[in-house]
file input_38.txt (compact mmCIF, C-alpha atoms)
# COMPACT_ATOMS: atom_id res chain seq x y z
CA MET R 1 0.00 0.00 0.00
CA VAL R 2 1.25 3.42 -0.90
CA HIS R 3 1.43 5.92 1.93
CA TYR R 4 1.08 9.66 1.85
CA LEU R 5 3.57 12.44 2.40
CA GLN R 6 6.38 11.27 4.62
CA GLN R 7 7.85 14.74 4.69
CA ALA R 8 9.48 15.23 8.08
CA ASN R 9 13.02 14.29 7.06
CA TYR R 10 12.41 15.49 3.53
CA VAL R 11 11.49 19.04 4.56
CA SER R 12 14.43 19.20 6.94
CA ALA R 13 16.80 18.24 4.14
CA LEU R 14 15.29 20.86 1.87
CA LYS R 15 15.76 23.51 4.53
CA VAL R 16 19.44 22.64 4.83
CA ASN R 17 19.84 23.05 1.08
CA GLN R 18 17.63 26.17 1.01
CA THR R 19 15.19 24.47 -1.35
CA LEU R 20 12.26 24.21 1.01
CA ILE R 21 9.11 23.32 -0.89
CA MET R 22 7.03 26.48 -0.98
CA ASN R 23 3.30 26.97 -0.93
CA LEU R 24 1.09 28.57 -3.51
CA GLY R 25 -1.24 25.82 -4.72
CA VAL R 26 -3.97 25.94 -7.32
CA CYS R 27 -7.02 27.83 -6.11
CA LEU R 28 -9.97 25.46 -6.03
CA ASP R 29 -12.01 27.64 -8.37
CA PRO R 30 -15.38 26.55 -9.75
CA ARG R 31 -14.31 28.28 -12.97
CA PRO R 32 -10.70 27.12 -13.48
CA ARG R 33 -8.78 28.68 -16.30
CA GLU R 34 -8.68 26.62 -19.49
CA SER R 35 -4.89 26.87 -19.62
CA GLU R 36 -4.67 25.12 -16.25
CA TYR R 37 -5.78 21.77 -17.54
CA LEU R 38 -7.73 21.74 -20.79
CA PRO R 39 -5.89 20.81 -23.96
CA SER R 40 -5.95 23.90 -26.51
CA PRO R 41 -16.36 20.93 12.61
CA ASN R 42 -15.69 17.53 13.26
CA LEU R 43 -18.15 14.94 14.36
CA PRO R 44 -17.12 12.06 16.64
CA GLU R 45 -16.73 8.53 15.39
CA PRO R 46 -19.89 7.30 13.69
CA PHE R 47 -22.77 7.05 16.13
CA VAL R 48 -25.17 4.22 15.43
CA GLU R 49 -27.85 3.36 17.93
CA PRO R 50 -27.92 -0.45 17.85
CA VAL R 51 -31.27 -2.20 17.51
CA GLU R 52 -32.51 -5.35 15.90
CA GLN R 53 -32.45 -4.76 12.16
CA GLU R 54 -34.38 -6.23 9.28
CA PRO R 55 -32.45 -8.18 6.62
CA LYS R 56 -30.70 -5.92 4.09
CA ASN R 57 -31.50 -6.04 0.42
CA SER R 58 -28.73 -6.88 -2.03
CA GLU R 59 -28.04 -3.23 -2.94
CA GLU R 60 -27.60 -2.17 0.68
CA GLU R 61 -25.46 -5.23 1.42
CA SER R 62 -23.23 -4.52 -1.59
CA MET R 63 -22.71 -0.90 -0.52
CA GLU R 64 -21.88 -1.90 3.04
CA THR R 65 -19.41 -4.51 1.87
CA SER R 66 -17.70 -1.97 -0.39
CA ALA R 67 -17.45 0.63 2.36
CA MET R 68 -16.46 -1.66 5.21
CA SER R 69 -13.83 -3.48 3.20
CA SER R 70 -12.11 -0.15 2.61
CA LYS R 71 -12.16 1.20 6.15
CA ASP R 72 -8.94 2.05 7.93
CA CYS R 73 -7.35 2.58 4.51
CA VAL R 74 -5.18 5.33 3.13
CA LYS R 75 -5.17 5.13 -0.65
CA VAL R 76 -3.18 7.29 -3.05
CA ALA R 77 -4.03 7.97 -6.68
CA VAL R 78 -2.04 9.87 -9.29
CA ARG R 79 -3.42 11.62 -12.37
CA VAL R 80 -1.38 12.90 -15.30
CA ARG R 81 -2.93 15.88 -17.09
CA PRO R 82 -2.48 17.27 -20.64
CA PHE R 83 -0.01 20.04 -21.41
CA ASN R 84 -1.26 23.52 -20.52
CA LYS R 85 -0.64 26.66 -22.55
CA ARG R 86 2.59 27.56 -20.76
CA GLU R 87 4.03 24.12 -21.45
CA ARG R 88 2.91 24.07 -25.08
CA ASP R 89 4.42 27.51 -25.67
CA ALA R 90 7.69 26.26 -24.19
CA GLY R 91 7.72 23.29 -26.58
CA SER R 92 7.73 20.82 -23.71
CA ARG R 93 7.83 17.09 -24.27
CA CYS R 94 6.19 14.42 -22.14
CA ILE R 95 8.55 12.70 -19.70
CA ILE R 96 5.89 10.59 -17.98
CA SER R 97 4.94 7.04 -18.86
CA MET R 98 2.34 4.84 -17.18
CA THR R 99 1.96 1.08 -17.03
CA SER R 100 -0.89 -0.21 -14.90
CA ASN R 101 -0.40 1.58 -11.54
CA ASN R 102 3.26 2.40 -12.18
CA ILE R 103 4.45 5.90 -13.09
CA SER R 104 7.91 6.48 -14.59
CA ILE R 105 9.43 9.96 -14.69
CA GLN R 106 12.32 10.39 -17.13
CA ASP R 107 15.17 12.76 -16.31
CA PRO R 108 15.29 15.21 -19.28
CA ARG R 109 19.02 15.84 -18.67
CA ASN R 110 19.83 12.12 -18.60
CA GLN R 111 17.22 10.29 -20.64
CA PRO R 112 18.27 6.71 -19.75
CA ASN R 113 17.72 7.63 -16.10
CA SER R 114 14.14 7.42 -14.81
CA ARG R 115 12.31 7.16 -11.48
CA THR R 116 9.43 4.72 -11.10
CA PHE R 117 6.68 4.92 -8.48
CA THR R 118 3.73 2.66 -7.73
CA PHE R 119 0.37 3.98 -6.57
CA ASP R 120 -2.94 2.41 -5.58
CA TYR R 121 -4.62 4.05 -8.58
CA ALA R 122 -3.15 5.69 -11.68
CA TYR R 123 -5.13 7.73 -14.21
CA TRP R 124 -3.77 8.70 -17.62
CA SER R 125 -5.48 11.90 -18.80
CA HIS R 126 -2.64 13.32 -20.88
CA SER R 127 -3.64 12.09 -24.33
CA GLY R 128 -6.01 9.84 -26.27
CA PHE R 129 -9.17 11.91 -25.81
CA THR R 130 -11.64 13.91 -27.83
CA ARG R 131 -14.51 16.30 -27.06
CA ASN R 132 -17.98 14.93 -27.87
CA LYS R 133 -21.06 16.89 -28.89
CA ASP R 134 -21.96 17.53 -25.25
CA GLY R 135 -18.57 19.07 -24.53
CA LEU R 136 -17.35 16.09 -22.52
CA PHE R 137 -13.79 14.84 -22.89
CA VAL R 138 -13.99 11.12 -23.61
CA PRO R 139 -11.58 8.44 -24.90
CA GLU R 140 -10.94 8.59 -28.65
CA GLU R 141 -11.57 4.88 -28.86
CA THR R 142 -13.90 2.66 -26.90
CA GLY R 143 -11.88 1.10 -24.12
CA GLY R 144 -9.03 3.59 -24.59
CA ARG R 145 -6.63 4.39 -21.77
CA TYR R 146 -7.81 7.99 -21.30
CA ALA R 147 -9.32 8.47 -17.83
CA ASP R 148 -12.23 10.92 -17.97
CA GLN R 149 -13.97 12.56 -15.02
CA ALA R 150 -16.52 9.76 -14.69
CA ASN R 151 -13.75 7.17 -14.52
CA VAL R 152 -11.93 9.06 -11.78
CA PHE R 153 -15.11 9.46 -9.73
CA GLN R 154 -15.98 5.80 -10.05
CA GLY R 155 -12.55 4.80 -8.80
CA LEU R 156 -12.21 7.36 -5.99
CA GLY R 157 -15.37 9.32 -5.27
CA GLN R 158 -17.85 6.47 -5.15
CA GLY R 159 -15.98 4.72 -2.33
CA ILE R 160 -15.87 7.96 -0.34
CA LEU R 161 -19.63 8.39 -0.77
CA ASP R 162 -20.45 4.78 0.09
CA ASN R 163 -18.37 4.95 3.25
CA ALA R 164 -20.09 8.15 4.42
CA LEU R 165 -23.56 6.75 3.77
CA GLN R 166 -22.71 3.81 6.02
CA GLY R 167 -22.00 6.29 8.84
CA TYR R 168 -18.21 6.41 8.61
CA ASN R 169 -16.08 9.53 8.17
CA ALA R 170 -14.38 9.93 4.79
CA THR R 171 -11.70 12.29 3.50
CA LEU R 172 -10.62 13.17 -0.03
CA LEU R 173 -7.34 15.11 -0.39
CA ALA R 174 -6.09 16.90 -3.51
CA TYR R 175 -2.32 17.38 -3.57
CA GLY R 176 0.02 18.66 -6.24
CA GLN R 177 2.16 21.35 -7.75
CA THR R 178 0.58 24.65 -8.74
CA GLY R 179 -1.09 24.29 -12.12
CA SER R 180 -1.01 20.49 -12.08
CA GLY R 181 -4.77 20.04 -12.53
CA LYS R 182 -6.13 19.85 -8.98
CA SER R 183 -9.00 22.22 -9.73
CA TYR R 184 -10.03 20.23 -12.78
CA SER R 185 -10.00 16.93 -10.89
CA MET R 186 -11.80 18.28 -7.82
CA VAL R 187 -14.26 20.75 -9.36
CA GLY R 188 -14.07 20.32 -13.13
CA TYR R 189 -14.76 22.71 -15.95
CA GLY R 190 -18.06 23.26 -17.77
CA PRO R 191 -19.84 19.93 -18.39
CA ASN R 192 -16.76 17.99 -17.23
CA LYS R 193 -17.72 17.99 -13.57
CA GLY R 194 -15.12 17.01 -11.02
CA LEU R 195 -15.18 14.89 -7.89
CA ILE R 196 -16.92 17.38 -5.58
CA PRO R 197 -19.99 18.31 -7.68
CA THR R 198 -20.42 14.73 -8.87
CA LEU R 199 -20.25 13.42 -5.31
CA CYS R 200 -22.86 15.95 -4.18
CA GLU R 201 -25.16 15.08 -7.09
CA ARG R 202 -24.94 11.37 -6.32
CA LEU R 203 -25.50 12.06 -2.62
CA PHE R 204 -28.77 13.90 -3.16
CA GLN R 205 -29.87 11.41 -5.83
CA PHE R 206 -29.42 8.63 -3.28
CA PHE R 207 -31.36 10.51 -0.63
CA ARG R 208 -34.24 11.14 -3.03
CA SER R 209 -34.39 7.47 -3.97
CA THR R 210 -34.46 6.36 -0.32
CA GLN R 211 -36.62 9.10 1.21
CA ASP R 212 -39.33 6.58 2.14
CA SER R 213 -36.97 4.73 4.46
CA ARG R 214 -34.97 7.57 6.03
CA GLN R 215 -34.89 11.27 6.81
CA CYS R 216 -31.70 12.97 5.65
CA GLN R 217 -30.04 16.23 6.63
CA VAL R 218 -27.01 17.74 4.90
CA PHE R 219 -24.95 20.63 6.29
CA PHE R 220 -22.22 22.44 4.36
CA SER R 221 -19.23 24.32 5.81
CA MET R 222 -16.23 25.83 4.04
CA LEU R 223 -13.07 27.22 5.59
CA GLU R 224 -9.46 27.98 4.79
CA ILE R 225 -6.36 27.55 6.94
CA TYR R 226 -4.07 30.49 6.26
CA ASN R 227 -0.88 30.94 8.31
CA GLU R 228 -2.29 28.47 10.87
CA GLN R 229 -5.44 30.58 11.26
CA VAL R 230 -8.96 29.38 10.46
CA ILE R 231 -11.11 31.63 8.28
CA ASP R 232 -14.80 30.96 7.53
CA LEU R 233 -15.21 31.38 3.75
CA LEU R 234 -19.01 31.58 4.02
CA SER R 235 -19.08 34.38 6.58
CA LYS R 236 -19.73 37.93 5.37
CA ALA R 237 -18.30 39.41 8.54
CA ASN R 238 -14.86 40.99 8.49
CA ARG R 239 -12.00 38.60 9.13
CA SER R 240 -10.78 38.70 12.71
CA SER R 241 -7.06 39.20 13.19
CA GLY R 242 -6.57 35.84 14.89
CA GLY R 243 -9.09 33.81 12.93
CA LEU R 244 -11.69 31.50 14.43
CA ARG R 245 -10.79 29.47 17.49
CA VAL R 246 -10.29 25.72 17.33
CA ARG R 247 -11.63 24.14 20.50
CA GLU R 248 -11.82 20.61 21.82
CA ASP R 249 -14.87 18.92 23.30
CA GLN R 250 -14.99 15.51 24.92
CA GLN R 251 -17.88 14.43 22.72
CA ARG R 252 -17.27 16.36 19.50
CA GLY R 253 -13.49 16.30 19.42
CA PHE R 254 -11.82 19.31 17.78
CA TYR R 255 -14.19 21.83 16.21
CA VAL R 256 -14.16 25.41 14.94
CA GLU R 257 -16.05 27.75 17.20
CA GLY R 258 -18.48 29.96 15.24
CA LEU R 259 -18.09 28.16 11.89
CA ARG R 260 -21.21 28.45 9.74
CA ARG R 261 -23.14 25.25 9.00
CA VAL R 262 -25.54 25.82 6.13
CA PRO R 263 -28.36 23.29 5.62
CA CYS R 264 -28.61 22.17 1.98
CA ASP R 265 -31.44 20.51 0.09
CA ASN R 266 -29.82 19.94 -3.31
CA ALA R 267 -26.54 19.86 -5.20
CA VAL R 268 -27.15 23.22 -6.89
CA GLN R 269 -27.20 24.93 -3.50
CA VAL R 270 -23.89 23.27 -2.62
CA GLU R 271 -22.27 24.53 -5.85
CA GLN R 272 -23.51 28.06 -5.16
CA LEU R 273 -21.97 27.97 -1.69
CA MET R 274 -18.70 26.71 -3.16
CA GLU R 275 -18.61 29.63 -5.59
CA GLN R 276 -19.31 32.06 -2.75
CA GLY R 277 -16.53 30.63 -0.61
CA THR R 278 -13.99 30.44 -3.41
CA ARG R 279 -14.39 34.13 -4.21
CA THR R 280 -13.15 35.02 -0.70
CA ARG R 281 -10.24 32.58 -0.59
CA THR R 282 -6.73 34.04 -0.24
CA THR R 283 -4.85 33.98 -3.56
CA VAL R 284 -1.77 35.67 -5.03
CA ALA R 285 0.12 35.71 -8.32
CA THR R 286 3.36 33.73 -8.67
CA HIS R 287 5.70 32.70 -11.46
CA MET R 288 3.95 29.33 -11.60
CA ASN R 289 0.33 30.49 -11.48
CA ALA R 290 -1.41 33.84 -11.86
CA ASN R 291 -4.06 32.91 -9.31
CA SER R 292 -2.39 30.70 -6.73
CA SER R 293 -3.86 29.94 -3.34
CA CYS R 294 -1.95 30.65 -0.14
CA SER R 295 -4.02 28.34 2.02
CA HIS R 296 -5.52 24.92 2.52
CA MET R 297 -9.25 24.86 1.79
CA LEU R 298 -11.50 22.42 3.64
CA ILE R 299 -15.10 21.66 2.70
CA ILE R 300 -17.04 19.71 5.32
CA VAL R 301 -20.25 17.98 4.29
CA GLN R 302 -22.01 16.69 7.39
CA LEU R 303 -24.59 13.94 6.95
CA LYS R 304 -27.30 12.89 9.37
CA GLN R 305 -29.55 9.97 8.47
CA ILE R 306 -32.53 9.12 10.67
CA PHE R 307 -34.17 5.72 10.24
CA SER R 308 -37.45 6.18 12.12
CA LYS R 309 -38.69 2.63 11.69
CA GLU R 310 -35.50 1.06 13.04
CA CYS R 311 -34.82 3.92 15.53
CA ILE R 312 -31.29 4.35 14.13
CA THR R 313 -29.34 7.57 13.58
CA LYS R 314 -26.15 7.66 11.51
CA GLN R 315 -23.84 10.69 11.47
CA SER R 316 -20.73 11.16 9.36
CA ASN R 317 -18.46 13.77 7.79
CA ILE R 318 -17.18 14.00 4.23
CA ASN R 319 -14.03 16.15 4.26
CA LEU R 320 -12.96 17.52 0.87
CA LEU R 321 -9.56 19.12 1.18
CA ASP R 322 -7.65 21.13 -1.40
CA LEU R 323 -4.12 21.29 -0.03
CA ALA R 324 -2.06 24.31 -0.98
CA GLY R 325 0.34 23.39 -3.77
CA SER R 326 4.07 23.12 -3.26
CA GLU R 327 6.97 24.28 -5.39
CA ARG R 328 10.54 25.14 -4.77
CA GLN R 329 11.17 28.77 -3.93
CA ARG R 330 13.03 29.51 -7.14
CA SER R 331 10.14 28.16 -9.25
CA SER R 332 7.35 30.10 -7.58
CA GLY R 333 9.35 33.29 -6.92
CA SER R 334 8.34 33.30 -3.26
CA GLU R 335 9.73 35.99 -0.97
CA ALA R 336 8.78 38.08 2.08
CA ASP R 337 5.15 37.29 3.02
CA ARG R 338 5.08 34.37 0.56
CA LEU R 339 7.96 32.77 2.45
CA LYS R 340 6.07 33.10 5.72
CA GLU R 341 3.01 31.53 4.13
CA GLY R 342 5.14 28.76 2.70
CA THR R 343 6.62 27.96 6.08
CA ALA R 344 3.15 27.63 7.65
CA ILE R 345 1.93 25.44 4.78
CA ASN R 346 4.91 23.12 4.98
CA LEU R 347 4.46 22.77 8.72
CA SER R 348 0.90 21.52 8.25
CA LEU R 349 1.85 19.28 5.30
CA THR R 350 4.66 17.72 7.31
CA THR R 351 2.39 17.14 10.31
CA LEU R 352 -0.31 15.64 8.09
CA GLY R 353 2.28 13.30 6.63
CA ASN R 354 3.46 12.28 10.09
CA VAL R 355 -0.09 11.58 11.24
CA ILE R 356 -1.00 9.44 8.23
CA SER R 357 2.33 7.63 8.41
CA ALA R 358 1.71 6.79 12.09
CA LEU R 359 -1.79 5.54 11.29
CA ALA R 360 -0.40 3.41 8.47
CA ASP R 361 2.18 1.91 10.84
CA MET R 362 -0.61 1.05 13.27
CA ALA R 363 -2.51 -0.69 10.47
CA LEU R 364 0.62 -2.79 9.82
CA GLY R 365 0.70 -3.82 13.48
CA LYS R 366 3.62 -1.63 14.49
CA LYS R 367 3.77 -0.03 17.91
CA VAL R 368 3.03 3.69 17.68
CA VAL R 369 3.58 5.75 20.83
CA HIS R 370 2.21 9.07 19.63
CA ILE R 371 0.09 10.38 16.74
CA PRO R 372 0.80 14.14 16.42
CA TYR R 373 -2.72 15.42 15.72
CA ARG R 374 -2.14 18.49 17.90
CA ASP R 375 0.89 19.75 15.99
CA SER R 376 -1.13 21.72 13.40
CA ILE R 377 -4.60 23.19 12.92
CA LEU R 378 -5.15 21.01 9.85
CA THR R 379 -4.56 17.70 11.63
CA LYS R 380 -6.63 18.76 14.62
CA LEU R 381 -9.64 19.33 12.38
CA LEU R 382 -9.07 16.05 10.52
CA GLN R 383 -8.56 13.88 13.60
CA SER R 384 -11.98 12.21 13.55
CA ALA R 385 -11.81 11.81 9.77
CA LEU R 386 -8.38 10.16 9.67
CA GLY R 387 -8.63 7.82 12.65
CA GLY R 388 -11.04 5.03 13.49
CA ASN R 389 -13.32 3.52 10.87
CA SER R 390 -12.58 6.04 8.15
CA ARG R 391 -11.53 6.06 4.52
CA THR R 392 -8.87 8.47 3.27
CA VAL R 393 -8.07 8.93 -0.40
CA MET R 394 -5.54 11.33 -1.88
CA ILE R 395 -5.40 12.28 -5.54
CA ALA R 396 -1.99 13.63 -6.53
CA THR R 397 -1.98 15.56 -9.80
CA LEU R 398 1.08 15.55 -12.02
CA SER R 399 2.36 17.68 -14.89
CA PRO R 400 3.92 15.58 -17.70
CA ALA R 401 6.20 18.38 -18.96
CA GLU R 402 9.99 18.24 -18.81
CA ILE R 403 10.09 21.77 -17.39
CA CYS R 404 8.32 20.44 -14.28
CA TYR R 405 10.68 17.50 -13.73
CA GLU R 406 12.37 18.78 -10.56
CA GLU R 407 9.09 19.73 -8.91
CA SER R 408 7.45 16.44 -9.89
CA VAL R 409 10.23 14.30 -8.43
CA ALA R 410 10.55 16.48 -5.32
CA LEU R 411 6.81 16.40 -4.64
CA TYR R 412 6.01 12.79 -5.40
CA THR R 413 9.04 11.05 -3.94
CA PRO R 414 7.81 11.63 -0.34
CA ILE R 415 4.31 10.42 -1.24
CA CYS R 416 5.69 6.89 -1.50
CA ARG R 417 7.32 4.69 1.09
CA GLU R 418 9.71 2.02 0.00
CA GLY R 419 7.43 -0.73 1.20
CA LYS R 420 9.66 -3.52 2.42
CA GLU R 421 6.69 -4.95 4.34
CA ASN R 422 4.75 -5.22 1.07
CA PRO R 423 7.05 -5.27 -1.94
CA GLU R 424 4.13 -5.37 -4.37
CA SER R 425 3.04 -1.96 -3.15
CA SER R 426 6.49 -0.42 -2.92
CA CYS R 427 7.73 2.61 -4.71
CA GLY R 428 11.13 3.96 -5.47
CA GLU R 429 13.80 3.66 -8.09

call {"tool": "encode", "arguments": {"input": "input_38.txt", "output": "structure tokens"}}
result
Amino acid sequence: MVHYLQQANYVSALKVNQTLIMNLGVCLDPRPRESEYLPSPNLPEPFVEPVEQEPKNSEEESMETSAMSSKDCVKVAVRVRPFNKRERDAGSRCIISMTSNNISIQDPRNQPNSRTFTFDYAYWSHSGFTRNKDGLFVPEETGGRYADQANVFQGLGQGILDNALQGYNATLLAYGQTGSGKSYSMVGYGPNKGLIPTLCERLFQFFRSTQDSRQCQVFFSMLEIYNEQVIDLLSKANRSSGGLRVREDQQRGFYVEGLRRVPCDNAVQVEQLMEQGTRTRTTVATHMNANSSCSHMLIIVQLKQIFSKECITKQSNINLLDLAGSERQRSSGSEADRLKEGTAINLSLTTLGNVISALADMALGKKVVHIPYRDSILTKLLQSALGGNSRTVMIATLSPAEICYEESVALYTPICREGKENPESSCGE
């Protein structure tokens, strides 16, 4: 199994060499720029009131099997996007190749030399596609290797949704270099809807189809973590100097005091709230991206399902996290305030990596003395979503261009652990 972001030693080494990975990730914008991708708080562990239940039908049983078989898992996917305008103008060539779940990155300065990594899922979206009459990007040939938005959702998003509907917390992380296609994968563009809107559509479709057997409530929250401060992206009030307070409750765990929870009845309302929140997110211009984010953005979809006949209540969180992108300082042109932002972002990324690594070690039966949830705001808010009976999936987006070679290797090397315990899931040279 591939594990996410073992960055503690990695970041320290980069600091020594003054090549600390900087921040400035792609802004999760409902209207991403075409050049980016296109070709020309917390609830406690799931509460279920146990009673004698009627036999499940085959559909319910299948969903439960899918969700439960994936609990306690951290899965990592990689997606390779097409060239963007900047790369086409530079005459870039593709240095990425994919075989099954293996990704090979060729060194443009030493072509016989390449690095190979293995992931749980790998999606090739660089070539082999066409636009149909509805504006959707689809494979040129039936059964072609091109992974469209529907394919990515089926592999990643459906498992997240199934897990949440069974009453278990679920988290979807988007990680990658600025301009690597995170916005397209998470939100989409035009009719090519990404993971978040598709997940919300399927969620409300499911609730409508099962409204005779359950009452459902959906609450939407949206925040950003900027310089280790929490900012409510749905609040019209002026931002306080210290941000919102993160508090801890014995029953609720860590939560954000004063964070808005907006009840939603349909997917359209969720998309409107996303647009509202994205407009207030902190962004700046860098050498890598004209509209880069300086923060992590977290969307929390809280579900409450009430089964009146069986007297059962299920509660769960779906956490949709757009991590701030990382580049080396010389690539992004970071200085002054940008350096301060980058330091805060790398602190939270490192802590997140340490937490997930510790959880993965526990799953392998290793003795873990301490899981450092309290070391950053991000990991505090994700504690209930990462531990216990939860499913965590990260999609790492990758530029195939030779001009992004250094950033690609630097970013994706720490995603993988050289898995001596499980050689079939190892990664490395």

call {"tool": "residues_near_point", "arguments": {"input": "input_38.txt", "point": "(14.0, 8.1, -13.4)", "cutoff": "12 Å", "atoms": "all atoms listed in the file", "output": "list of chain:residue names"}}
result
R:Ile95, R:Ile96, R:Ser97, R:Ile103, R:Ser104, R:Ile105, R:Gln106, R:Asp107, R:Pro108, R:Arg109, R:Asn110, R:Gln111, R:Pro112, R:Asn113, R:Ser114, R:Arg115, R:Thr116, R:Phe117, R:Tyr405, R:Glu406, R:Ser408, R:Val409, R:Thr413, R:Gly428, R:Glu429

call {"tool": "write_last_selection", "arguments": {"input": "input_38.txt", "atoms": "C-alpha atoms", "output": "mmCIF file, in the frame of the given file"}}
result
data_model
loop_
_atom_site.group_PDB
_atom_site.id
_atom_site.type_symbol
_atom_site.label_atom_id
_atom_site.label_comp_id
_atom_site.auth_asym_id
_atom_site.auth_seq_id
_atom_site.Cartn_x
_atom_site.Cartn_y
_atom_site.Cartn_z
ATOM 1 C CA ILE R 95 8.550 12.700 -19.700
ATOM 2 C CA ILE R 96 5.890 10.590 -17.980
ATOM 3 C CA SER R 97 4.940 7.040 -18.860
ATOM 4 C CA ILE R 103 4.450 5.900 -13.090
ATOM 5 C CA SER R 104 7.910 6.480 -14.590
ATOM 6 C CA ILE R 105 9.430 9.960 -14.690
ATOM 7 C CA GLN R 106 12.320 10.390 -17.130
ATOM 8 C CA ASP R 107 15.170 12.760 -16.310
ATOM 9 C CA PRO R 108 15.290 15.210 -19.280
ATOM 10 C CA ARG R 109 19.020 15.840 -18.670
ATOM 11 C CA ASN R 110 19.830 12.120 -18.600
ATOM 12 C CA GLN R 111 17.220 10.290 -20.640
ATOM 13 C CA PRO R 112 18.270 6.710 -19.750
ATOM 14 C CA ASN R 113 17.720 7.630 -16.100
ATOM 15 C CA SER R 114 14.140 7.420 -14.810
ATOM 16 C CA ARG R 115 12.310 7.160 -11.480
ATOM 17 C CA THR R 116 9.430 4.720 -11.100
ATOM 18 C CA PHE R 117 6.680 4.920 -8.480
ATOM 19 C CA TYR R 405 10.680 17.500 -13.730
ATOM 20 C CA GLU R 406 12.370 18.780 -10.560
ATOM 21 C CA SER R 408 7.450 16.440 -9.890
ATOM 22 C CA VAL R 409 10.230 14.300 -8.430
ATOM 23 C CA THR R 413 9.040 11.050 -3.940
ATOM 24 C CA GLY R 428 11.130 3.960 -5.470
ATOM 25 C CA GLU R 429 13.800 3.660 -8.090
#

call {"tool": "closest_residue", "arguments": {"input": "input_38.txt", "among": "R:Ser357, R:Thr178, R:Thr313, R:Ser127", "to": "Gln217 in chain R", "atoms": "only C-alpha atoms"}}
result
R:Thr313

call {"tool": "closest_residue", "arguments": {"input": "input_38.txt", "among": "R:Cys94, R:Ala122, R:Leu323, R:Val246", "to": "Val78 in chain R", "atoms": "all atoms listed in the file"}}
result
R:Ala122

call {"tool": "closest_residue", "arguments": {"input": "input_38.txt", "among": "R:Asn192, R:Ser235, R:Gln158, R:Ser316", "to": "Leu136 in chain R", "atoms": "only C-alpha atoms"}}
result
R:Asn192

call {"tool": "atom_distance", "arguments": {"input": "input_38.txt", "atom1": "CA of Thr379 in chain R", "atom2": "CA of Phe220 in chain R"}}
result
19.7 Å

call {"tool": "atom_distance", "arguments": {"input": "input_38.txt", "atom1": "CA of Phe83 in chain R", "atom2": "CA of Lys193 in chain R"}}
result
19.5 Å

call {"tool": "atom_distance", "arguments": {"input": "input_38.txt", "atom1": "CA of Asn346 in chain R", "atom2": "CA of Ala324 in chain R"}}
result
9.2 Å

call {"tool": "residues_near_point", "arguments": {"input": "input_38.txt", "point": "(3.6, 11.6, 15.1)", "cutoff": "10 Å", "atoms": "all atoms listed in the file", "output": "mmCIF file with C-alpha atoms, in the frame of the given file"}}
result
data_model
loop_
_atom_site.group_PDB
_atom_site.id
_atom_site.type_symbol
_atom_site.label_atom_id
_atom_site.label_comp_id
_atom_site.auth_asym_id
_atom_site.auth_seq_id
_atom_site.Cartn_x
_atom_site.Cartn_y
_atom_site.Cartn_z
ATOM 1 C CA ALA R 8 9.480 15.230 8.080
ATOM 2 C CA THR R 350 4.660 17.720 7.310
ATOM 3 C CA THR R 351 2.390 17.140 10.310
ATOM 4 C CA LEU R 352 -0.310 15.640 8.090
ATOM 5 C CA GLY R 353 2.280 13.300 6.630
ATOM 6 C CA ASN R 354 3.460 12.280 10.090
ATOM 7 C CA VAL R 355 -0.090 11.580 11.240
ATOM 8 C CA ILE R 356 -1.000 9.440 8.230
ATOM 9 C CA SER R 357 2.330 7.630 8.410
ATOM 10 C CA ALA R 358 1.710 6.790 12.090
ATOM 11 C CA LEU R 359 -1.790 5.540 11.290
ATOM 12 C CA VAL R 368 3.030 3.690 17.680
ATOM 13 C CA VAL R 369 3.580 5.750 20.830
ATOM 14 C CA HIS R 370 2.210 9.070 19.630
ATOM 15 C CA ILE R 371 0.090 10.380 16.740
ATOM 16 C CA PRO R 372 0.800 14.140 16.420
ATOM 17 C CA TYR R 373 -2.720 15.420 15.720
ATOM 18 C CA ARG R 374 -2.140 18.490 17.900
ATOM 19 C CA ASP R 375 0.890 19.750 15.990
#
